[in-house]
Structures are given as structure tokens and as C-alpha cells.
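Colleague: This one is start19.cif, mmCIF, C-alpha atoms.
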```
data_protein
loop_
_atom_site.label_atom_id
_atom_site.label_comp_id
_atom_site.auth_asym_id
_atom_site.auth_seq_id
_atom_site.Cartn_x
_atom_site.Cartn_y
_atom_site.Cartn_z
CA MET A 1 -26.71 -41.15 -23.29
CA ASN A 2 -23.84 -41.04 -20.88
CA THR A 3 -24.01 -38.00 -18.55
CA ARG A 4 -20.37 -37.18 -19.23
CA ILE A 5 -20.96 -37.00 -22.96
CA ILE A 6 -24.01 -34.75 -22.44
CA LEU A 7 -22.02 -32.45 -20.13
CA SER A 8 -19.13 -32.29 -22.60
CA VAL A 9 -21.49 -31.32 -25.42
CA VAL A 10 -23.27 -28.68 -23.29
CA VAL A 11 -20.00 -27.09 -22.18
CA ILE A 12 -18.63 -27.01 -25.72
CA ALA A 13 -21.92 -25.50 -26.95
CA LEU A 14 -21.77 -22.76 -24.29
CA GLY A 15 -18.17 -22.09 -25.27
CA ALA A 16 -19.17 -21.84 -28.93
CA ILE A 17 -21.89 -19.31 -27.99
CA SER A 18 -19.42 -17.24 -25.97
CA ALA A 19 -16.99 -17.33 -28.93
CA MET A 20 -19.66 -15.60 -31.00
CA PHE A 21 -20.12 -12.76 -28.50
CA PRO A 22 -18.86 -9.48 -29.83
CA SER A 23 -16.13 -8.20 -27.54
CA LYS A 24 -17.73 -5.73 -25.26
CA VAL A 25 -16.37 -3.56 -22.48
CA ASN A 26 -18.72 -2.48 -19.74
CA ASN A 27 -17.69 0.24 -17.41
CA ALA A 28 -19.85 0.39 -14.31
CA LEU A 29 -17.91 3.39 -13.03
CA VAL A 30 -18.95 5.57 -15.95
CA PRO A 31 -22.05 7.54 -15.01
CA THR A 32 -24.84 8.22 -17.47
CA GLU A 33 -25.21 11.65 -19.06
CA GLU A 34 -28.15 12.45 -16.75
CA GLU A 35 -26.09 11.52 -13.69
CA ILE A 36 -23.29 13.85 -14.79
CA GLN A 37 -25.74 16.70 -15.35
CA TRP A 38 -27.34 16.00 -11.99
CA GLU A 39 -23.94 16.14 -10.30
CA LEU A 40 -23.36 19.53 -11.91
CA ARG A 41 -26.81 20.88 -11.05
CA SER A 42 -26.70 19.69 -7.45
CA GLY A 43 -23.56 21.77 -6.85
CA ALA A 44 -21.79 18.84 -5.20
CA SER A 45 -19.03 19.03 -7.80
CA PHE A 46 -18.22 22.64 -7.06
CA ILE A 47 -16.07 24.23 -4.43
CA ASN A 48 -16.34 27.96 -3.80
CA VAL A 49 -13.40 30.31 -3.44
CA ASP A 50 -13.96 30.87 0.29
CA GLU A 51 -13.79 27.14 1.02
CA LEU A 52 -10.68 26.88 -1.14
CA ALA A 53 -8.99 29.81 0.58
CA GLU A 54 -9.72 28.33 3.98
CA SER A 55 -8.37 24.91 3.02
CA LEU A 56 -5.22 26.48 1.55
CA ILE A 57 -4.65 28.52 4.70
CA ASN A 58 -5.18 25.39 6.81
CA LYS A 59 -2.76 23.53 4.51
CA ASP A 60 -5.31 20.81 3.80
CA PRO A 61 -3.26 18.11 2.03
CA SER A 62 -6.25 16.48 0.35
CA TYR A 63 -6.66 19.30 -2.17
CA PHE A 64 -4.74 19.27 -5.42
CA LEU A 65 -5.11 22.35 -7.57
CA ILE A 66 -4.94 21.98 -11.35
CA ASP A 67 -4.89 25.22 -13.28
CA ILE A 68 -6.09 24.48 -16.80
CA ARG A 69 -5.56 28.00 -18.21
CA ASP A 70 -2.79 28.53 -20.74
CA VAL A 71 0.80 28.90 -19.58
CA LYS A 72 0.84 32.69 -20.14
CA ALA A 73 -2.16 33.35 -17.93
CA TYR A 74 -0.80 30.99 -15.29
CA GLU A 75 2.57 32.73 -15.24
CA GLN A 76 0.92 36.13 -14.82
CA SER A 77 -0.91 35.13 -11.70
CA ALA A 78 -2.08 31.89 -10.18
CA ILE A 79 -3.50 30.44 -7.01
CA PRO A 80 -0.65 29.36 -4.70
CA ASN A 81 0.22 25.63 -4.78
CA SER A 82 -1.59 25.11 -8.08
CA ILE A 83 0.08 23.30 -10.96
CA ASN A 84 -0.48 24.29 -14.55
CA ILE A 85 -1.71 21.64 -16.99
CA PRO A 86 -3.23 23.49 -19.94
CA PHE A 87 -6.59 22.24 -21.18
CA ASP A 88 -5.14 20.98 -24.49
CA SER A 89 -2.66 18.63 -22.88
CA LEU A 90 -4.73 17.57 -19.88
CA PHE A 91 -6.08 14.41 -21.50
CA SER A 92 -2.75 13.41 -23.02
CA GLU A 93 -1.03 10.28 -21.80
CA ASN A 94 1.45 12.23 -19.66
CA TRP A 95 -1.09 14.12 -17.62
CA ILE A 96 -4.25 12.02 -17.54
CA GLY A 97 -2.98 10.26 -14.43
CA TYR A 98 -3.60 13.48 -12.52
CA LEU A 99 -7.30 13.28 -13.32
CA ASP A 100 -7.67 9.52 -12.91
CA GLN A 101 -6.70 9.04 -9.27
CA ASN A 102 -8.21 8.25 -5.90
CA ALA A 103 -5.80 10.02 -3.57
CA ASN A 104 -6.70 13.70 -3.79
CA ARG A 105 -9.57 16.05 -4.40
CA ASN A 106 -8.61 17.75 -7.64
CA ILE A 107 -9.78 21.33 -7.97
CA LEU A 108 -10.02 22.38 -11.59
CA ILE A 109 -9.32 26.07 -12.15
CA SER A 110 -10.11 27.85 -15.40
CA THR A 111 -10.56 31.55 -16.18
CA ASP A 112 -14.27 31.35 -15.55
CA GLU A 113 -15.73 27.98 -14.67
CA LEU A 114 -16.73 26.94 -18.22
CA ARG A 115 -13.54 25.14 -19.23
CA ALA A 116 -13.31 23.46 -15.83
CA ARG A 117 -16.89 22.24 -16.30
CA GLU A 118 -15.91 20.83 -19.66
CA VAL A 119 -12.93 18.98 -18.15
CA PHE A 120 -15.14 17.72 -15.32
CA GLU A 121 -17.70 16.33 -17.76
CA LEU A 122 -15.05 14.69 -19.96
CA ALA A 123 -13.38 13.17 -16.91
CA ARG A 124 -16.69 11.87 -15.53
CA ARG A 125 -17.50 10.28 -18.88
CA LYS A 126 -14.26 8.35 -18.56
CA GLY A 127 -15.31 7.26 -15.08
CA PHE A 128 -12.78 9.44 -13.21
CA LYS A 129 -13.80 10.58 -9.76
CA ASN A 130 -12.51 13.15 -7.26
CA ASN A 131 -12.51 16.11 -9.64
CA TYR A 132 -14.17 19.36 -8.56
CA ILE A 133 -14.73 22.70 -10.22
CA LEU A 134 -13.70 25.98 -8.67
CA ALA A 135 -16.96 27.92 -8.80
CA GLY A 136 -16.45 31.11 -10.78
CA GLY A 137 -12.94 30.08 -11.76
CA PHE A 138 -9.83 32.21 -11.40
CA LYS A 139 -11.86 35.39 -11.95
CA ALA A 140 -13.87 34.67 -8.83
CA TRP A 141 -10.66 34.02 -6.90
CA GLU A 142 -9.23 37.37 -7.94
CA ASN A 143 -12.45 39.32 -7.43
CA THR A 144 -13.44 37.70 -4.17
CA ILE A 145 -10.33 36.62 -2.30
CA ILE A 146 -7.52 38.77 -3.66
CA ASN A 147 -9.59 41.97 -4.08
CA PRO A 148 -12.68 41.44 -1.99
CA PRO A 149 -15.47 43.93 -2.74
CA HIS A 150 -16.53 46.09 0.17
CA PRO A 151 -20.01 45.17 1.30
CA SER A 152 -22.69 47.85 1.03
CA VAL A 153 -23.59 49.94 4.04
CA THR A 154 -26.87 48.13 4.50
CA ALA A 155 -25.24 44.67 4.27
CA PRO A 156 -26.02 42.25 7.09
CA GLU A 157 -23.41 41.50 9.69
CA THR A 158 -22.59 38.05 8.26
CA GLU A 159 -21.45 39.71 5.07
CA LEU A 160 -19.22 42.06 7.00
CA ILE A 161 -17.64 39.13 8.83
CA LEU A 162 -17.13 37.36 5.49
CA TYR A 163 -15.51 40.52 4.12
CA GLN A 164 -13.08 40.63 7.03
CA LYS A 165 -12.27 36.99 6.51
CA ARG A 166 -11.62 37.60 2.81
CA LEU A 167 -9.42 40.56 3.64
CA ALA A 168 -7.41 38.36 5.96
CA SER A 169 -7.16 35.70 3.23
CA SER A 170 -6.05 38.34 0.76
CA GLN A 171 -3.39 39.43 3.21
CA PHE A 172 -2.33 35.80 3.62
CA PHE A 173 -2.01 35.16 -0.11
CA THR A 174 -0.60 38.51 -1.24
CA GLY A 175 1.22 39.73 1.83
CA LYS A 176 -0.49 43.11 1.71
CA THR A 177 -1.59 44.85 4.88
CA ALA A 178 -5.17 44.44 5.79
CA VAL A 179 -7.03 47.65 6.49
CA PHE A 180 -10.13 47.13 8.45
CA SER A 181 -12.84 49.64 8.01
CA ASN A 182 -14.10 51.19 11.22
CA SER A 183 -17.64 50.80 10.07
CA THR A 184 -17.43 47.13 10.76
CA THR A 185 -16.55 47.54 14.41
CA LYS A 186 -19.41 47.85 16.83
CA LYS A 187 -19.85 51.12 18.66
CA PRO A 188 -20.08 50.68 22.39
CA VAL A 189 -23.64 50.98 23.54
CA LEU A 190 -23.88 53.73 26.08
CA PRO A 191 -26.41 53.43 28.84
CA ILE A 192 -29.34 55.74 28.38
CA LYS A 193 -29.55 58.04 31.27
CA ARG A 194 -32.95 58.17 32.78
CA LYS A 195 -34.29 61.46 33.89
CA LYS A 196 -34.42 61.76 37.58
CA LYS A 197 -37.84 61.62 38.97
CA LYS A 198 -38.90 64.85 40.39
CA ALA A 199 -41.26 65.24 43.21
CA VAL A 200 -44.78 65.89 42.07
CA GLN A 201 -45.20 69.52 41.58
CA GLY A 202 -48.08 71.83 41.00
CA GLY A 203 -51.55 71.42 42.11
CA CYS A 204 -52.31 72.80 45.51
CA SER A 205 -48.82 72.64 46.93
CA MET B 1 -29.25 -4.52 -16.57
CA GLY B 2 -27.08 -3.19 -13.82
CA PRO B 3 -24.25 -4.76 -11.85
CA ILE B 4 -25.13 -7.78 -9.70
CA ILE B 5 -24.05 -6.00 -6.54
CA PRO B 6 -24.58 -2.25 -6.94
CA VAL B 7 -21.97 -1.31 -4.33
CA ASN B 8 -18.85 0.51 -5.43
CA GLU B 9 -16.83 0.46 -2.29
CA ILE B 10 -16.85 -2.17 0.43
CA SER B 11 -15.11 -1.47 3.72
CA THR B 12 -12.02 -3.51 4.57
CA GLU B 13 -13.80 -5.30 7.43
CA ILE B 14 -16.71 -6.41 5.24
CA ASN B 15 -14.20 -7.34 2.56
CA PHE B 16 -12.37 -9.62 5.02
CA LEU B 17 -15.65 -11.11 6.19
CA ILE B 18 -16.68 -11.90 2.61
CA ALA B 19 -13.22 -13.36 1.94
CA PHE B 20 -13.52 -15.47 5.11
CA LEU B 21 -16.93 -16.84 4.08
CA ILE B 22 -15.76 -17.58 0.54
CA GLY B 23 -12.66 -19.23 2.01
CA LEU B 24 -14.83 -21.46 4.23
CA GLY B 25 -16.95 -22.42 1.24
CA PHE B 26 -13.86 -23.11 -0.85
CA GLY B 27 -12.30 -25.25 1.87
CA PHE B 28 -15.54 -27.17 2.33
CA ALA B 29 -15.82 -27.82 -1.42
CA LEU B 30 -12.19 -28.98 -1.58
CA GLU B 31 -12.70 -31.34 1.31
CA GLN B 32 -15.90 -32.74 -0.17
CA ALA B 33 -14.16 -33.30 -3.52
CA GLY B 34 -11.63 -35.44 -1.65
CA PHE B 35 -8.76 -32.99 -2.02
CA SER B 36 -7.59 -33.45 1.52
CA SER B 37 -6.26 -36.85 0.50
CA SER B 38 -2.68 -36.60 -0.70
CA ARG B 39 -3.04 -39.96 -2.50
CA LYS B 40 -5.81 -38.49 -4.61
CA LEU B 41 -3.73 -35.41 -5.36
CA ALA B 42 -0.56 -37.32 -6.19
CA GLY B 43 -2.67 -39.62 -8.38
CA MET B 44 -2.75 -36.80 -10.91
CA PHE B 45 0.97 -37.26 -11.53
CA TYR B 46 0.78 -41.04 -11.82
CA GLY B 47 -2.43 -41.04 -13.87
CA TYR B 48 -4.56 -43.26 -11.63
CA ASP B 49 -6.72 -40.41 -10.38
CA THR B 50 -7.35 -37.27 -12.41
CA THR B 51 -9.92 -35.69 -10.08
CA VAL B 52 -7.65 -32.68 -9.57
CA LEU B 53 -7.57 -31.95 -13.26
CA LYS B 54 -11.30 -32.43 -13.64
CA VAL B 55 -12.32 -30.36 -10.64
CA PHE B 56 -10.00 -27.44 -11.35
CA PHE B 57 -10.79 -27.34 -15.04
CA THR B 58 -14.52 -27.51 -14.25
CA ALA B 59 -14.12 -24.63 -11.79
CA ALA B 60 -12.14 -22.61 -14.32
CA ILE B 61 -14.62 -23.24 -17.12
CA THR B 62 -17.62 -22.42 -14.92
CA ALA B 63 -16.06 -19.16 -13.75
CA MET B 64 -14.91 -18.28 -17.25
CA LEU B 65 -18.30 -18.89 -18.86
CA GLY B 66 -20.04 -17.12 -16.00
CA LEU B 67 -17.87 -14.03 -16.40
CA LEU B 68 -18.27 -14.00 -20.17
CA PHE B 69 -22.05 -14.30 -20.04
CA LEU B 70 -22.43 -11.78 -17.20
CA ASN B 71 -20.20 -9.37 -19.09
CA TYR B 72 -22.28 -9.82 -22.22
CA PHE B 73 -25.49 -9.08 -20.34
CA GLU B 74 -23.86 -6.04 -18.67
CA MET B 75 -24.09 -7.48 -15.18
CA ILE B 76 -20.38 -7.37 -14.46
CA ASP B 77 -17.68 -4.87 -15.32
CA MET B 78 -14.70 -6.85 -16.58
CA SER B 79 -12.54 -3.74 -16.66
CA ILE B 80 -12.43 -3.69 -12.85
CA VAL B 81 -12.01 -7.44 -12.36
CA TYR B 82 -8.49 -7.99 -11.06
CA VAL B 83 -6.15 -9.76 -13.45
CA ASN B 84 -3.06 -11.27 -11.86
CA GLU B 85 0.17 -9.55 -12.69
CA TYR B 86 2.56 -11.58 -14.77
CA TYR B 87 6.22 -11.84 -13.85
CA ILE B 88 7.68 -14.45 -16.21
CA ASN B 89 10.70 -15.46 -14.09
CA SER B 90 8.69 -15.70 -10.90
CA ALA B 91 5.92 -17.66 -12.60
CA ILE B 92 8.35 -20.24 -14.00
CA ILE B 93 10.43 -20.68 -10.83
CA GLY B 94 7.33 -20.55 -8.63
CA GLY B 95 5.64 -23.14 -10.84
CA ILE B 96 8.59 -25.53 -10.55
CA ILE B 97 8.81 -25.13 -6.76
CA MET B 98 5.05 -25.54 -6.39
CA GLY B 99 5.02 -28.64 -8.65
CA ALA B 100 7.93 -30.22 -6.80
CA GLY B 101 6.32 -29.46 -3.44
CA PHE B 102 3.05 -30.87 -4.70
CA ILE B 103 4.52 -34.23 -5.71
CA ILE B 104 6.84 -34.53 -2.70
CA GLY B 105 4.37 -33.39 -0.06
CA GLY B 106 1.19 -34.57 -1.67
CA PHE B 107 -0.61 -31.26 -1.22
CA CYS B 108 -0.89 -27.88 -2.81
CA PRO B 109 -1.06 -24.87 -0.46
CA GLY B 110 -4.88 -24.74 -0.42
CA THR B 111 -5.48 -28.44 0.04
CA SER B 112 -2.82 -28.65 2.77
CA VAL B 113 -4.84 -26.20 4.88
CA CYS B 114 -7.92 -28.27 4.14
CA ALA B 115 -6.23 -31.50 5.21
CA ALA B 116 -4.67 -29.83 8.27
CA ALA B 117 -8.17 -28.71 9.27
CA ILE B 118 -9.40 -32.30 9.35
CA GLY B 119 -6.38 -33.29 11.41
CA LYS B 120 -3.94 -34.91 9.00
CA LYS B 121 -0.45 -34.88 10.49
CA ASP B 122 1.39 -34.88 7.15
CA ALA B 123 -0.58 -31.76 6.22
CA TRP B 124 0.53 -30.06 9.46
CA TRP B 125 4.15 -30.74 8.58
CA PHE B 126 3.50 -29.58 5.04
CA LEU B 127 2.00 -26.33 6.36
CA LEU B 128 4.96 -25.84 8.69
CA GLY B 129 7.27 -26.28 5.70
CA SER B 130 5.26 -23.75 3.70
CA PHE B 131 5.46 -21.18 6.48
CA LEU B 132 9.20 -21.73 6.87
CA GLY B 133 9.54 -21.22 3.12
CA ILE B 134 7.51 -18.01 3.29
CA VAL B 135 9.60 -16.66 6.17
CA LEU B 136 12.84 -17.63 4.42
CA PHE B 137 11.74 -15.95 1.20
CA GLY B 138 10.60 -12.85 3.06
CA GLU B 139 13.85 -12.56 4.98
CA THR B 140 16.04 -13.01 1.92
CA TYR B 141 13.80 -11.03 -0.44
CA SER B 142 16.44 -8.39 -1.11
CA LEU B 143 18.65 -11.09 -2.65
CA TRP B 144 15.96 -12.19 -5.08
CA GLU B 145 14.23 -8.90 -5.76
CA GLY B 146 15.93 -8.12 -9.08
CA PHE B 147 15.32 -11.57 -10.46
CA TYR B 148 11.83 -11.76 -8.99
CA LEU B 149 10.63 -8.55 -10.63
CA LYS B 150 12.39 -9.14 -13.96
CA ASN B 151 10.42 -9.63 -17.20
CA TYR B 152 7.25 -8.04 -15.91
CA LEU B 153 4.38 -8.06 -18.37
CA GLY B 154 1.65 -6.41 -16.28
CA ASN B 155 -1.94 -7.58 -16.05
CA LEU B 156 -1.62 -9.58 -19.21
CA LYS B 157 -4.35 -11.90 -20.44
CA LEU B 158 -3.54 -14.77 -22.78
CA SER B 159 -6.36 -13.70 -25.08
CA THR B 160 -4.81 -10.22 -25.41
CA TYR B 161 -1.37 -11.74 -26.01
CA LEU B 162 -2.71 -14.04 -28.73
CA ASN B 163 -4.86 -11.25 -30.17
CA LEU B 164 -8.07 -13.28 -29.79
CA SER B 165 -11.39 -12.18 -28.37
CA ASP B 166 -12.10 -13.44 -24.84
CA GLY B 167 -14.97 -15.57 -26.18
CA VAL B 168 -12.88 -17.35 -28.82
CA PHE B 169 -10.11 -17.98 -26.30
CA ALA B 170 -12.64 -19.37 -23.80
CA PHE B 171 -13.95 -21.71 -26.48
CA LEU B 172 -10.42 -23.00 -27.15
CA VAL B 173 -9.83 -23.54 -23.42
CA ILE B 174 -13.12 -25.43 -23.16
CA VAL B 175 -12.25 -27.69 -26.09
CA ALA B 176 -8.84 -28.37 -24.52
CA ALA B 177 -10.47 -29.03 -21.14
CA VAL B 178 -12.98 -31.51 -22.59
CA LEU B 179 -10.17 -33.31 -24.43
CA MET B 180 -8.12 -33.44 -21.21
CA PHE B 181 -11.16 -34.75 -19.38
CA TRP B 182 -11.47 -37.69 -21.75
CA VAL B 183 -7.72 -38.30 -21.77
CA GLY B 184 -7.93 -38.31 -17.96
CA GLU B 185 -10.70 -40.89 -18.10
CA LEU B 186 -8.57 -43.12 -20.33
CA ALA B 187 -5.54 -42.65 -18.06
CA GLU B 188 -7.56 -43.62 -15.01
CA LYS B 189 -8.50 -46.89 -16.70
CA LYS B 190 -4.97 -47.56 -17.91
CA PHE B 191 -3.13 -46.78 -14.67
CA ALA B 192 -5.88 -47.96 -12.31
CA ARG B 193 -4.80 -48.82 -8.76
CA ASN B 194 -6.71 -50.20 -5.87
CA ASP B 195 -8.30 -47.54 -3.74
CA ILE B 196 -6.11 -47.78 -0.65
CA THR B 197 -8.20 -45.29 1.31
CA LYS B 198 -11.06 -47.77 1.43
CA GLU B 199 -8.80 -50.55 2.67
CA LEU B 200 -7.44 -48.46 5.55
#
```
Write the structure described by the file as C-alpha cells, please.
Modeller:
Amino acid sequence: MNTRIILSVVVIALGAISAMFPSKVNNALVPTEEEIQWELRSGASFINVDELAESLINKDPSYFLIDIRDVKAYEQSAIPNSINIPFDSLFSENWIGYLDQNANRNILISTDELRAREVFELARRKGFKNNYILAGGFKAWENTIINPPHPSVTAPETELILYQKRLASSQFFTGKTAVFSNSTTKKPVLPIKRKKKKAVQGGCS
Amino acid sequence: MGPIIPVNEISTEINFLIAFLIGLGFGFALEQAGFSSSRKLAGMFYGYDTTVLKVFFTAAITAMLGLLFLNYFEMIDMSIVYVNEYYINSAIIGGIIMGAGFIIGGFCPGTSVCAAAIGKKDAWWFLLGSFLGIVLFGETYSLWEGFYLKNYLGNLKLSTYLNLSDGVFAFLVIVAAVLMFWVGELAEKKFARNDITKEL
């Protein structure tokens, strides 16, 4: 048989097979459930409040803060520069573009981190990247940065330094005056006076 | 089965290198298929040589079937394959200009580069004309902008527009292509001319 006729038949047959394929959409960017859980367990998808405070103070433009609490809670108090997109409307057509983007690192803020985790998982299942969870949520922000707890007396020095840093951050975000505790400042070490040597006494002298 | 190349992001430099290598391969294939001859290309319009139709349809069908099968076996993600954006006005006007240029100059943009590479003087002039056209268009873009961007339909696929599955649409294209192939064969016999290239 003529090669051209054979080729024509083969091509039409392949086309007929492809016509019978059910329409199918693959999405290579969507991670598997295990991958999402691994991302959560590894901690790579979290940012802690200290890191966030530092980046806000340094005016890091790559962070974009999305507060997913309800409007009332947001209006009462919120992290500076955050925008409020309540959880219910976050996946609506108007707002989903904020989650599905490649320009910024989105930080998801909820009261504690549970809702933010939920949003993160839903977004990952859709293949969206660049979303991070604020570890501990807004509560952690308030209890750590805005009202930092005083470290215990026996706390190591690193904790004291962190406390000072948090106090400074608190001052930056709230405008209140920082009061440094004296206990954190080192006392000058005074030289120990040695007793003067006396000439050997006693004995037969 | 995973993607063929399990790399999500390729750096711009590597991207250019890959594009360069594909471009070389494409140019080589065009040259080998005889597309650097303007007589062969213009033959499409007069019916004595339908190689252009056959080669481009074969390429389209191969790529189309390849994508469909790879998609079916989950080796390619069609959702991130770039689909050209469709501006109706621009497509129509651009098509007319391209067709006119093709029949007047005897080349299409790709084949002109191919022919220029093997030293054909008419292709050099053709390329010069193309570049002048590009510069002219670029410089006067503000005049055309409104018209150019009008009737924008986005990354539209014909199959979506016709509400057919990609597979069924591919089958229809293949049937049309095979019919065209045979019509081309008949045309070549009917409008046959002596092969001048061999005489020269």
C-alpha cells in the first residue's frame, strides 16, 4: 500500500483515539496531601512574630500581610500595614488574586494560627504558592511583641536580649515608652583587691 | 507518571539557551525541508508545490497529538502551557499583511531568516523590510494602540469556543489536514511546473 495512504490512516486513527479521551486537567503545581502536610510539619511555611516585627521595622517590601479575622476584630486592633480579607470572602473571585500571586510573601494572620493553617492548606491544594502562616496568630503578636512577657530571673542572657528587642518593637508599633529593667544591665566587675603580702612573721624572729 | 521535566522554574539564561537551541533545530529543519526557497513557498499560492501546507500541518498535528497523549498520561500540565492571546482586529490585519508579504517577498518571517542564513540576497532585503516594518510599527504604536488592543478575547482556544473537547477538536483538525493533504497532492499534479531550481 502507498506510504501516504498508510500515514493518513494512522494519523486519523490516532486522532480518533484522542477524541475518545475524557477531558482531563492535570495540575503539576498542585502538591499532594502528604507534601502539604510535610510543608506544615517542617515549619517552612511559618513565620514567627519576631521575624515579622523585624521585617516590618525594616520596611521589607516583599511581605504582604493578610488579616483573615472578621472585620470587628480587625478594627479593634491589627498589625500595622495588614489588610483585612475575612476568611469567608478570601476565596471569592474578588480576593483570590491576593492568594494566587508570585510577587509577594503573603503572611496569613488569624486569631490563633488554626484558620491561617486552613487557608494555607486550601491555597496549596489549588497550587498557590508564597503563602505563609503567622505562627501563633494575632494572639502571639499581642502577647509577644505588643506586651512582651518579662523573662524570669534565671533566664539566659539571650532571652533578655530578645526581651529588650521586643520592648523596642513594642515601642515602635505602639509608640509607648520603653522601660528597661535594670536587671538586664551588667554590673561593672570590680577588681578583687588582693591582700598585701606581709613579711613572714613568727617563728624565731 | 510525573512531568517529563520535573523542573518548575528555569533561569532566564537557561531559558534563552534552550530557546536558542530549539531555534537552531527549527531553522535547520526548515532549511532541510526546502523552505529557504521562495519558489517553493510561493508555490503554495499557485498550487504547484504544497510542501508548506504539508509540513506545517504535519508539525501541527504531531505537536497536537503529542500534547494530547502526554496530557492524558499525566506527563504534561496543559494548564500551564502558554496559549496565545487572541486580539481579533490584530489577528485579521496581521494575517493580511503577513499573507501579502509572503506572496510578494516569497518568504515568511521564519523562512526569511533561514534563507538569509544560507546567503540569499532577496532574503536579506526581505529581512531588512521586516525590521523597518517593526521599527515603524514600534514608533507609531501609540496611533494604533486602541485598534490593536480592541476585541480582545484572552487565551482563547477554538475547542473552548466551539464547546468541544480538545480530543474531538484535534480529530476534526486531523481529518481536515488529511483532506487538505490529498487536495494538495491533486493540485500539485494539476498545476505542475518544471522545477526551475534544478535547471539553475
Colleague: Based on all atoms listed in the file, which of the residues in chain A come within 9 Å of chain B? I want them as a PDB file with C-alpha atoms, in the frame of the given file.
Modeller:
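Final output, out08.pdb:
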```pdb
ATOM      1  CA  SER A   8     -19.130 -32.290 -22.600  1.00  0.00           C
ATOM      2  CA  VAL A   9     -21.490 -31.320 -25.420  1.00  0.00           C
ATOM      3  CA  VAL A  11     -20.000 -27.090 -22.180  1.00  0.00           C
ATOM      4  CA  ILE A  12     -18.630 -27.010 -25.720  1.00  0.00           C
ATOM      5  CA  ALA A  13     -21.920 -25.500 -26.950  1.00  0.00           C
ATOM      6  CA  LEU A  14     -21.770 -22.760 -24.290  1.00  0.00           C
ATOM      7  CA  GLY A  15     -18.170 -22.090 -25.270  1.00  0.00           C
ATOM      8  CA  ALA A  16     -19.170 -21.840 -28.930  1.00  0.00           C
ATOM      9  CA  ILE A  17     -21.890 -19.310 -27.990  1.00  0.00           C
ATOM     10  CA  SER A  18     -19.420 -17.240 -25.970  1.00  0.00           C
ATOM     11  CA  ALA A  19     -16.990 -17.330 -28.930  1.00  0.00           C
ATOM     12  CA  MET A  20     -19.660 -15.600 -31.000  1.00  0.00           C
ATOM     13  CA  PHE A  21     -20.120 -12.760 -28.500  1.00  0.00           C
ATOM     14  CA  PRO A  22     -18.860  -9.480 -29.830  1.00  0.00           C
ATOM     15  CA  SER A  23     -16.130  -8.200 -27.540  1.00  0.00           C
ATOM     16  CA  LYS A  24     -17.730  -5.730 -25.260  1.00  0.00           C
ATOM     17  CA  VAL A  25     -16.370  -3.560 -22.480  1.00  0.00           C
ATOM     18  CA  ASN A  26     -18.720  -2.480 -19.740  1.00  0.00           C
ATOM     19  CA  ASN A  27     -17.690   0.240 -17.410  1.00  0.00           C
ATOM     20  CA  ALA A  28     -19.850   0.390 -14.310  1.00  0.00           C
ATOM     21  CA  LEU A  29     -17.910   3.390 -13.030  1.00  0.00           C
TER      22      LEU A  29
END
```
Colleague: Applied to the shown file, which residues does the PyMOL selection byres ((chain A and resi 49) around 9) return, written as a list in words?
Modeller: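 Answer for the PyMOL selection byres ((chain A and resi 49) around 9): Ile47, Asn48, Asp50, Glu51, Leu52, Ala53, Glu54, Leu134, Ala135, Gly136, Gly137, Phe138, Ala140, Trp141, Thr144 and Ile145 of chain A.
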Colleague: When the PyMOL selection byres ((chain A and resi 67) around 8) is applied to the file above, which residues end up in the set, as a ChimeraX atom specification?
Modeller: /A:65-66,68-69,74,78,82-86,108-110
Colleague: I would like the residues chosen by the PyMOL selection byres ((chain B and resi 130-136) around 12) on the shown file; could you give them as an MDAnalysis selection string?
Modeller: chainID B and resid 94 97:98 101:102 105 107:110 112:113 123:129 137:144
Colleague: Give as a list in words the set of residues within 6 Å of the point (-2.2, -34.2, 0.2), where distances use the file's coordinates and only C-alpha atoms.
Modeller: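 Within the cut-off we find Ser36, Ser37, Ser38, Leu41, Gly106 and Phe107 of chain B.
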Colleague: Would you pick out the contacts of Glu33 (chain A) at 12 Å or less, using all atoms listed in the file, so that residues sharing its chain but fewer than 2 positions from it are not included, and give the list as number ranges by chain?
Modeller: A: 30-31, 35-40, 121-122, 124-127
Colleague: Just give me the gap between CA of Thr158 (chain A) and CA of Lys139 (chain A) in Å, one decimal is fine.
Modeller: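 Taking CA of Thr158 (chain A) and CA of Lys139 (chain A), their separation equals 23.0 Å.
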Colleague: Can you patch up region 111-122 of chain B, filling it in to N, CA and C atoms, and show the result as a compact mmCIF listing (two decimals), in the coordinates of the input?
Modeller:
```
# COMPACT_ATOMS: atom_id res chain seq x y z
N THR B 111 -5.01 -27.14 -0.46
CA THR B 111 -5.48 -28.44 0.04
C THR B 111 -4.77 -28.83 1.34
N SER B 112 -3.53 -28.30 1.53
CA SER B 112 -2.82 -28.65 2.77
C SER B 112 -3.56 -28.05 3.97
N VAL B 113 -4.08 -26.83 3.80
CA VAL B 113 -4.84 -26.20 4.88
C VAL B 113 -6.10 -27.01 5.16
N CYS B 114 -6.71 -27.46 4.06
CA CYS B 114 -7.92 -28.27 4.14
C CYS B 114 -7.67 -29.56 4.92
N ALA B 115 -6.56 -30.24 4.55
CA ALA B 115 -6.23 -31.50 5.21
C ALA B 115 -5.80 -31.27 6.65
N ALA B 116 -5.08 -30.15 6.90
CA ALA B 116 -4.67 -29.83 8.27
C ALA B 116 -5.90 -29.61 9.13
N ALA B 117 -6.94 -29.02 8.52
CA ALA B 117 -8.17 -28.71 9.27
C ALA B 117 -8.88 -29.99 9.71
N ILE B 118 -8.75 -31.06 8.91
CA ILE B 118 -9.40 -32.30 9.35
C ILE B 118 -8.43 -33.19 10.13
N GLY B 119 -7.27 -32.62 10.48
CA GLY B 119 -6.38 -33.29 11.41
C GLY B 119 -5.34 -34.21 10.82
N LYS B 120 -4.98 -34.04 9.57
CA LYS B 120 -3.94 -34.91 9.00
C LYS B 120 -2.56 -34.41 9.37
N LYS B 121 -1.76 -35.31 9.98
CA LYS B 121 -0.45 -34.88 10.49
C LYS B 121 0.51 -34.48 9.37
N ASP B 122 0.46 -35.24 8.25
CA ASP B 122 1.39 -34.88 7.15
C ASP B 122 1.09 -33.47 6.64
```
